[in-house]
file data-v1.csv (CSV, C-alpha atoms)
chain,number,residue,atom,x,y,z
Y,1,MET,CA,0.0,0.0,0.0
Y,2,LEU,CA,2.8,2.3,0.8
Y,3,LYS,CA,4.3,1.7,-2.6
Y,4,ASN,CA,1.1,2.7,-4.4
Y,5,ALA,CA,0.7,5.9,-2.4
Y,6,SER,CA,4.1,7.1,-3.3
Y,7,PHE,CA,3.4,6.4,-7.0
Y,8,ARG,CA,0.3,8.6,-6.9
Y,9,HIS,CA,2.2,11.3,-5.1
Y,10,GLY,CA,4.8,11.4,-7.9
Y,11,GLN,CA,2.2,12.3,-10.6
Y,12,GLN,CA,2.1,16.1,-11.3
Y,13,GLY,CA,-0.7,16.3,-14.1
Y,14,VAL,CA,1.7,16.5,-17.0
Y,15,VAL,CA,-0.5,14.3,-19.2
Y,16,LEU,CA,-3.5,16.6,-18.5
Y,17,PHE,CA,-1.4,19.7,-19.5
Y,18,LEU,CA,-0.2,18.0,-22.7
Y,19,ALA,CA,-3.8,17.0,-23.6
Y,20,LEU,CA,-4.9,20.6,-23.1
Y,21,VAL,CA,-2.1,21.9,-25.4
Y,22,VAL,CA,-3.0,19.4,-28.1
Y,23,LEU,CA,-6.7,20.3,-27.8
Y,24,VAL,CA,-6.0,24.0,-28.2
Y,25,ALA,CA,-3.7,23.3,-31.2
Y,26,MET,CA,-6.5,21.2,-32.8
Y,27,LEU,CA,-9.0,24.0,-32.1
Y,28,LEU,CA,-6.8,26.5,-33.8
Y,29,SER,CA,-6.1,24.3,-36.8
Y,30,GLY,CA,-9.9,23.7,-37.2
Y,31,LEU,CA,-10.6,27.4,-37.1
Y,32,ALA,CA,-7.8,28.0,-39.7
Y,33,LEU,CA,-9.3,25.3,-42.0
Y,34,PHE,CA,-12.8,26.8,-41.6
Y,35,ARG,CA,-11.5,30.3,-42.6
Y,36,SER,CA,-9.6,28.9,-45.5
Y,37,VAL,CA,-12.7,27.2,-46.9
Y,38,ASP,CA,-14.7,30.3,-46.3
Y,39,SER,CA,-12.2,32.5,-48.1
Y,40,GLY,CA,-12.0,30.0,-51.0
Y,41,VAL,CA,-15.8,30.2,-51.4
Y,42,LEU,CA,-15.7,34.0,-51.4
Y,43,VAL,CA,-12.9,34.1,-54.0
Y,44,ALA,CA,-14.8,31.6,-56.2
Y,45,GLY,CA,-17.9,33.7,-55.9
Y,46,ASN,CA,-16.1,36.9,-56.9
Y,47,ILE,CA,-14.5,35.2,-59.9
Y,48,ALA,CA,-17.9,34.0,-61.0
Y,49,MET,CA,-19.3,37.5,-60.7
Y,50,GLN,CA,-16.4,38.9,-62.7
Y,51,LYS,CA,-16.9,36.4,-65.5
Y,52,SER,CA,-20.6,37.0,-65.6
Y,53,ALA,CA,-20.0,40.7,-66.0
Y,54,THR,CA,-17.5,40.2,-68.7
Y,55,ARG,CA,-19.8,38.0,-70.6
Y,56,GLN,CA,-22.5,40.7,-70.5
Y,57,GLY,CA,-20.2,43.1,-72.2
Y,58,ASP,CA,-21.3,41.5,-75.4
Y,59,GLN,CA,-24.7,43.2,-74.9
Y,60,GLY,CA,-23.0,46.6,-75.0
Y,61,THR,CA,-21.1,45.7,-78.1
Y,62,GLU,CA,-24.2,44.4,-79.9
Y,63,ALA,CA,-26.2,47.5,-79.0
Y,64,ALA,CA,-23.4,49.7,-80.2
Y,65,VAL,CA,-23.0,47.9,-83.5
Y,66,THR,CA,-26.8,48.1,-84.0
Y,67,TRP,CA,-26.6,51.9,-83.4
Y,68,LEU,CA,-23.7,52.2,-85.8
Y,69,ALA,CA,-25.5,50.2,-88.6
Y,70,ALA,CA,-28.6,52.4,-88.2
Y,71,ASN,CA,-26.7,55.7,-88.3
Y,72,VAL,CA,-23.7,55.1,-90.6
Y,73,ALA,CA,-25.5,56.6,-93.6
Y,74,GLY,CA,-26.6,59.7,-91.8
Y,75,ALA,CA,-24.8,62.9,-90.8
Y,76,VAL,CA,-25.2,62.1,-87.1
Y,77,ILE,CA,-22.1,59.9,-87.4
Y,78,PHE,CA,-19.9,63.0,-88.3
Y,79,ASP,CA,-20.5,64.7,-85.0
Y,80,ASN,CA,-20.6,63.8,-81.3
Y,81,ALA,CA,-23.9,62.4,-79.9
Y,82,SER,CA,-25.0,60.7,-76.7
Y,83,GLY,CA,-22.8,57.6,-76.4
Y,84,TYR,CA,-20.8,58.5,-79.5
Y,85,VAL,CA,-17.6,60.5,-80.0
Y,86,ALA,CA,-16.7,61.4,-83.6
Y,87,ASN,CA,-13.1,62.3,-82.8
Y,88,GLY,CA,-12.0,59.7,-80.3
Y,89,LEU,CA,-8.7,58.5,-81.8
Y,90,ASN,CA,-6.5,59.7,-79.0
Y,91,ASP,CA,-9.0,59.3,-76.2
Y,92,VAL,CA,-7.3,56.6,-74.1
Y,93,PRO,CA,-6.0,56.4,-70.6
Y,94,GLY,CA,-2.7,58.0,-69.8
Y,95,SER,CA,0.3,56.0,-68.7
Y,96,THR,CA,-0.6,56.3,-65.0
Y,97,GLN,CA,-4.4,55.9,-65.3
Y,98,THR,CA,-6.5,52.8,-65.0
Y,99,TRP,CA,-9.5,52.2,-67.3
Y,100,ALA,CA,-11.8,52.8,-64.4
Y,101,THR,CA,-10.2,56.2,-63.6
Y,102,TRP,CA,-10.2,57.2,-67.3
Y,103,TRP,CA,-13.8,56.2,-67.7
Y,104,ASP,CA,-15.0,58.1,-64.6
Y,105,GLY,CA,-13.3,61.3,-65.9
Y,106,TYR,CA,-14.2,60.9,-69.6
Y,107,VAL,CA,-17.9,60.3,-69.2
Y,108,VAL,CA,-18.4,63.6,-67.5
Y,109,THR,CA,-18.0,65.3,-70.9
Y,110,HIS,CA,-18.9,62.3,-73.1
Y,111,PRO,CA,-22.0,60.6,-71.5
Y,112,PRO,CA,-22.3,56.9,-72.4
Y,113,THR,CA,-25.4,55.0,-73.4
Y,114,THR,CA,-26.7,52.8,-70.5
Y,115,LEU,CA,-28.8,49.7,-71.1
Y,116,ALA,CA,-31.4,48.5,-68.7
Y,117,ALA,CA,-30.1,46.5,-65.8
Y,118,ASP,CA,-30.3,42.7,-66.2
Y,119,SER,CA,-32.7,41.4,-63.6
Y,120,ALA,CA,-31.1,37.9,-63.5
Y,121,THR,CA,-27.6,39.0,-62.8
Y,122,GLY,CA,-27.9,42.6,-61.5
Y,123,ASN,CA,-25.4,43.8,-64.0
Y,124,THR,CA,-25.7,47.2,-65.7
Y,125,VAL,CA,-24.0,47.7,-69.1
Y,126,SER,CA,-22.9,51.2,-70.4
Y,127,TYR,CA,-21.2,51.6,-73.7
Y,128,LEU,CA,-19.3,54.4,-75.5
Y,129,ILE,CA,-18.5,54.4,-79.3
Y,130,GLN,CA,-15.4,56.3,-80.4
Y,131,ARG,CA,-14.8,56.9,-84.1
Y,132,LEU,CA,-11.1,56.6,-84.6
Y,133,CYS,CA,-10.7,59.9,-86.3
Y,134,ARG,CA,-8.7,63.0,-85.3
Y,135,ALA,CA,-11.6,65.4,-85.9
Y,136,ALA,CA,-15.3,65.5,-86.3
Y,137,GLY,CA,-16.8,65.7,-89.8
Y,138,ALA,CA,-17.0,63.5,-92.9
Y,139,PRO,CA,-14.1,60.9,-92.9
Y,140,TYR,CA,-11.2,61.3,-95.3
Y,141,THR,CA,-12.1,64.9,-96.1
Y,142,SER,CA,-9.9,67.9,-95.5
Y,143,GLY,CA,-8.5,67.8,-91.9
Y,144,VAL,CA,-10.4,64.6,-90.9
Y,145,GLU,CA,-7.9,61.8,-90.7
Y,146,CYS,CA,-9.3,58.4,-89.7
Y,147,LEU,CA,-8.1,54.9,-89.1
Y,148,GLY,CA,-9.6,52.3,-91.3
Y,149,PRO,CA,-8.6,49.1,-93.2
Y,150,PRO,CA,-7.0,49.6,-96.6
Y,151,GLU,CA,-9.2,48.6,-99.4
Y,152,ALA,CA,-8.4,48.3,-103.1
Y,153,SER,CA,-9.8,51.1,-105.2
Y,154,GLY,CA,-11.2,50.6,-108.6
Y,155,THR,CA,-9.4,53.5,-110.0
Y,156,GLY,CA,-5.7,53.6,-110.8
Y,157,SER,CA,-2.8,55.9,-111.4
Y,158,SER,CA,0.0,55.6,-113.9
Y,159,LYS,CA,3.5,55.2,-112.6
Y,160,GLY,CA,6.3,54.7,-115.0
Y,161,GLY,CA,5.5,52.1,-117.6
Y,162,GLY,CA,2.5,50.4,-115.9
Y,163,VAL,CA,-0.7,51.1,-114.1
Y,164,VAL,CA,-0.7,50.7,-110.3
Y,165,ALA,CA,-3.9,50.4,-108.3
Y,166,LEU,CA,-3.8,52.6,-105.2
Y,167,ASN,CA,-5.2,51.6,-101.9
Y,168,ARG,CA,-7.5,53.9,-100.0
Y,169,ALA,CA,-9.6,53.4,-96.9
Y,170,SER,CA,-13.3,53.6,-97.5
Y,171,SER,CA,-14.5,52.4,-94.1
Y,172,VAL,CA,-13.6,53.6,-90.6
Y,173,TYR,CA,-12.6,51.9,-87.4
Y,174,TYR,CA,-14.8,52.4,-84.3
Y,175,ARG,CA,-13.7,51.5,-80.8
Y,176,ILE,CA,-16.6,50.3,-78.6
Y,177,THR,CA,-15.9,50.3,-74.8
Y,178,SER,CA,-18.4,48.6,-72.6
Y,179,ARG,CA,-18.4,49.0,-68.8
Y,180,ILE,CA,-20.3,46.5,-66.8
Y,181,VAL,CA,-21.1,47.2,-63.1
Y,182,GLY,CA,-22.5,44.4,-61.0
Y,183,PRO,CA,-23.1,43.1,-57.5
Y,184,ARG,CA,-20.2,42.8,-55.0
Y,185,ASN,CA,-18.6,45.9,-56.5
Y,186,THR,CA,-17.8,44.1,-59.8
Y,187,VAL,CA,-16.6,46.3,-62.6
Y,188,SER,CA,-15.5,44.9,-65.9
Y,189,PHE,CA,-14.5,46.5,-69.2
Y,190,VAL,CA,-14.8,45.0,-72.7
Y,191,GLN,CA,-13.4,46.7,-75.7
Y,192,THR,CA,-14.0,45.9,-79.4
Y,193,ILE,CA,-12.8,47.5,-82.6
Y,194,VAL,CA,-15.2,47.3,-85.6
Y,195,SER,CA,-15.0,48.5,-89.1
Y,196,ILE,CA,-18.0,50.0,-90.9
call {"tool": "encode", "arguments": {"input": "data-v1.csv", "output": "C-alpha cells"}}
result
Amino acid sequence: MLKNASFRHGQQGVVLFLALVVLVAMLLSGLALFRSVDSGVLVAGNIAMQKSATRQGDQGTEAAVTWLAANVAGAVIFDNASGYVANGLNDVPGSTQTWATWWDGYVVTHPPTTLAADSATGNTVSYLIQRLCRAAGAPYTSGVECLGPPEASGTGSSKGGGVVALNRASSVYYRITSRIVGPRNTVSFVQTIVSI
C-alpha cells in the first residue's frame, strides 16, 4: 500500500497539461481550416461575378453595332452624340491611369449609353462608341484623318510604264468600350474594334 501511495504522489498532471495543449492546437487548426474554406468560397464567388459581368459586355457591343449600322449613312455619325464620340482617336487612358479612372473622368463630358439592368444578374452595361478619327466631320475629307482598313480602289494611277492600283480606306474603325457594373462591386471593361 505504501508503494502505491508514493506512485500517486509522484504524478504532477503532465499528461493533462499536454492533452490541453493538443486540444488548443486542434481547435486553432480547425478554425484556420474553416477560414480557408470560407475564403475559398468567397474568391470563387467573386471570380464567377467577374466572368458573368465580362460575358454581359457583349450586350453593349451588340447594341453599339446596331446603333452604328442604323446611323452610318446619316450625318449624325460625323459629330458627337450621346454615347458616340466622332473624334476619339487619341482618347485613351494616360500611362498612370486605369481604365476605371479614365472612364469616370471621360464620361463627364462624353456621356455613355446605359442599357437596362439585367434582372437575373444585377449587371448594368454602359457603352461608348469612339470613331477613330482626329476630328469631327466626314471621314477622309480635309482635316479629318481616320483609321480604317486599306481597301483596293477601282481607280488607278500611272507610274512609270505600268498602271498601279492605289489603296485607300473607305470604311472607318470604331472602338466600342463597354463598362459592366454588377453586384459585389464588380466592374468589368470589354473593348472591341469594328470597321464600318
call {"tool": "residues_near_point", "arguments": {"input": "data-v1.csv", "point": "(-16.3, 52.5, -92.7)", "cutoff": "7 Å", "atoms": "all atoms listed in the file", "output": "count of residues only"}}
result
7
call {"tool": "residues_around", "arguments": {"input": "data-v1.csv", "residues": "Ile176 in chain Y", "least_positions_apart": "6", "cutoff": "12 Å", "atoms": "only C-alpha atoms", "output": "ChimeraX atom specification"}}
result
/Y:57-68,83-85,88-89,112-113,126-132,189-195
call {"tool": "write_last_selection", "arguments": {"input": "data-v1.csv", "atoms": "C-alpha atoms", "output": "CSV table (one decimal), keeping the file's coordinate frame"}}
result
chain,number,residue,atom,x,y,z
Y,57,GLY,CA,-20.2,43.1,-72.2
Y,58,ASP,CA,-21.3,41.5,-75.4
Y,59,GLN,CA,-24.7,43.2,-74.9
Y,60,GLY,CA,-23.0,46.6,-75.0
Y,61,THR,CA,-21.1,45.7,-78.1
Y,62,GLU,CA,-24.2,44.4,-79.9
Y,63,ALA,CA,-26.2,47.5,-79.0
Y,64,ALA,CA,-23.4,49.7,-80.2
Y,65,VAL,CA,-23.0,47.9,-83.5
Y,66,THR,CA,-26.8,48.1,-84.0
Y,67,TRP,CA,-26.6,51.9,-83.4
Y,68,LEU,CA,-23.7,52.2,-85.8
Y,83,GLY,CA,-22.8,57.6,-76.4
Y,84,TYR,CA,-20.8,58.5,-79.5
Y,85,VAL,CA,-17.6,60.5,-80.0
Y,88,GLY,CA,-12.0,59.7,-80.3
Y,89,LEU,CA,-8.7,58.5,-81.8
Y,112,PRO,CA,-22.3,56.9,-72.4
Y,113,THR,CA,-25.4,55.0,-73.4
Y,126,SER,CA,-22.9,51.2,-70.4
Y,127,TYR,CA,-21.2,51.6,-73.7
Y,128,LEU,CA,-19.3,54.4,-75.5
Y,129,ILE,CA,-18.5,54.4,-79.3
Y,130,GLN,CA,-15.4,56.3,-80.4
Y,131,ARG,CA,-14.8,56.9,-84.1
Y,132,LEU,CA,-11.1,56.6,-84.6
Y,189,PHE,CA,-14.5,46.5,-69.2
Y,190,VAL,CA,-14.8,45.0,-72.7
Y,191,GLN,CA,-13.4,46.7,-75.7
Y,192,THR,CA,-14.0,45.9,-79.4
Y,193,ILE,CA,-12.8,47.5,-82.6
Y,194,VAL,CA,-15.2,47.3,-85.6
Y,195,SER,CA,-15.0,48.5,-89.1
call {"tool": "residues_around", "arguments": {"input": "data-v1.csv", "residues": "Asp79 in chain Y", "least_positions_apart": "3", "cutoff": "7 Å", "atoms": "only C-alpha atoms", "output": "list in words"}}
result
Val76, Ala86, Ala136 and Gly137 of chain Y
call {"tool": "residues_around", "arguments": {"input": "data-v1.csv", "residues": "Thr54 in chain Y", "least_positions_apart": "3", "cutoff": "10 Å", "atoms": "only C-alpha atoms", "output": "PyMOL selection string"}}
result
chain Y and resi 48-51+57-59+123+125+178-181+186-190
call {"tool": "atom_distance", "arguments": {"input": "data-v1.csv", "atom1": "CA of Ala75 in chain Y", "atom2": "CA of Val144 in chain Y"}}
result
14.5 Å
call {"tool": "atom_distance", "arguments": {"input": "data-v1.csv", "atom1": "CA of Ser52 in chain Y", "atom2": "CA of Val107 in chain Y"}}
result
23.7 Å
call {"tool": "atom_distance", "arguments": {"input": "data-v1.csv", "atom1": "CA of Pro183 in chain Y", "atom2": "CA of Gln56 in chain Y"}}
result
13.2 Å
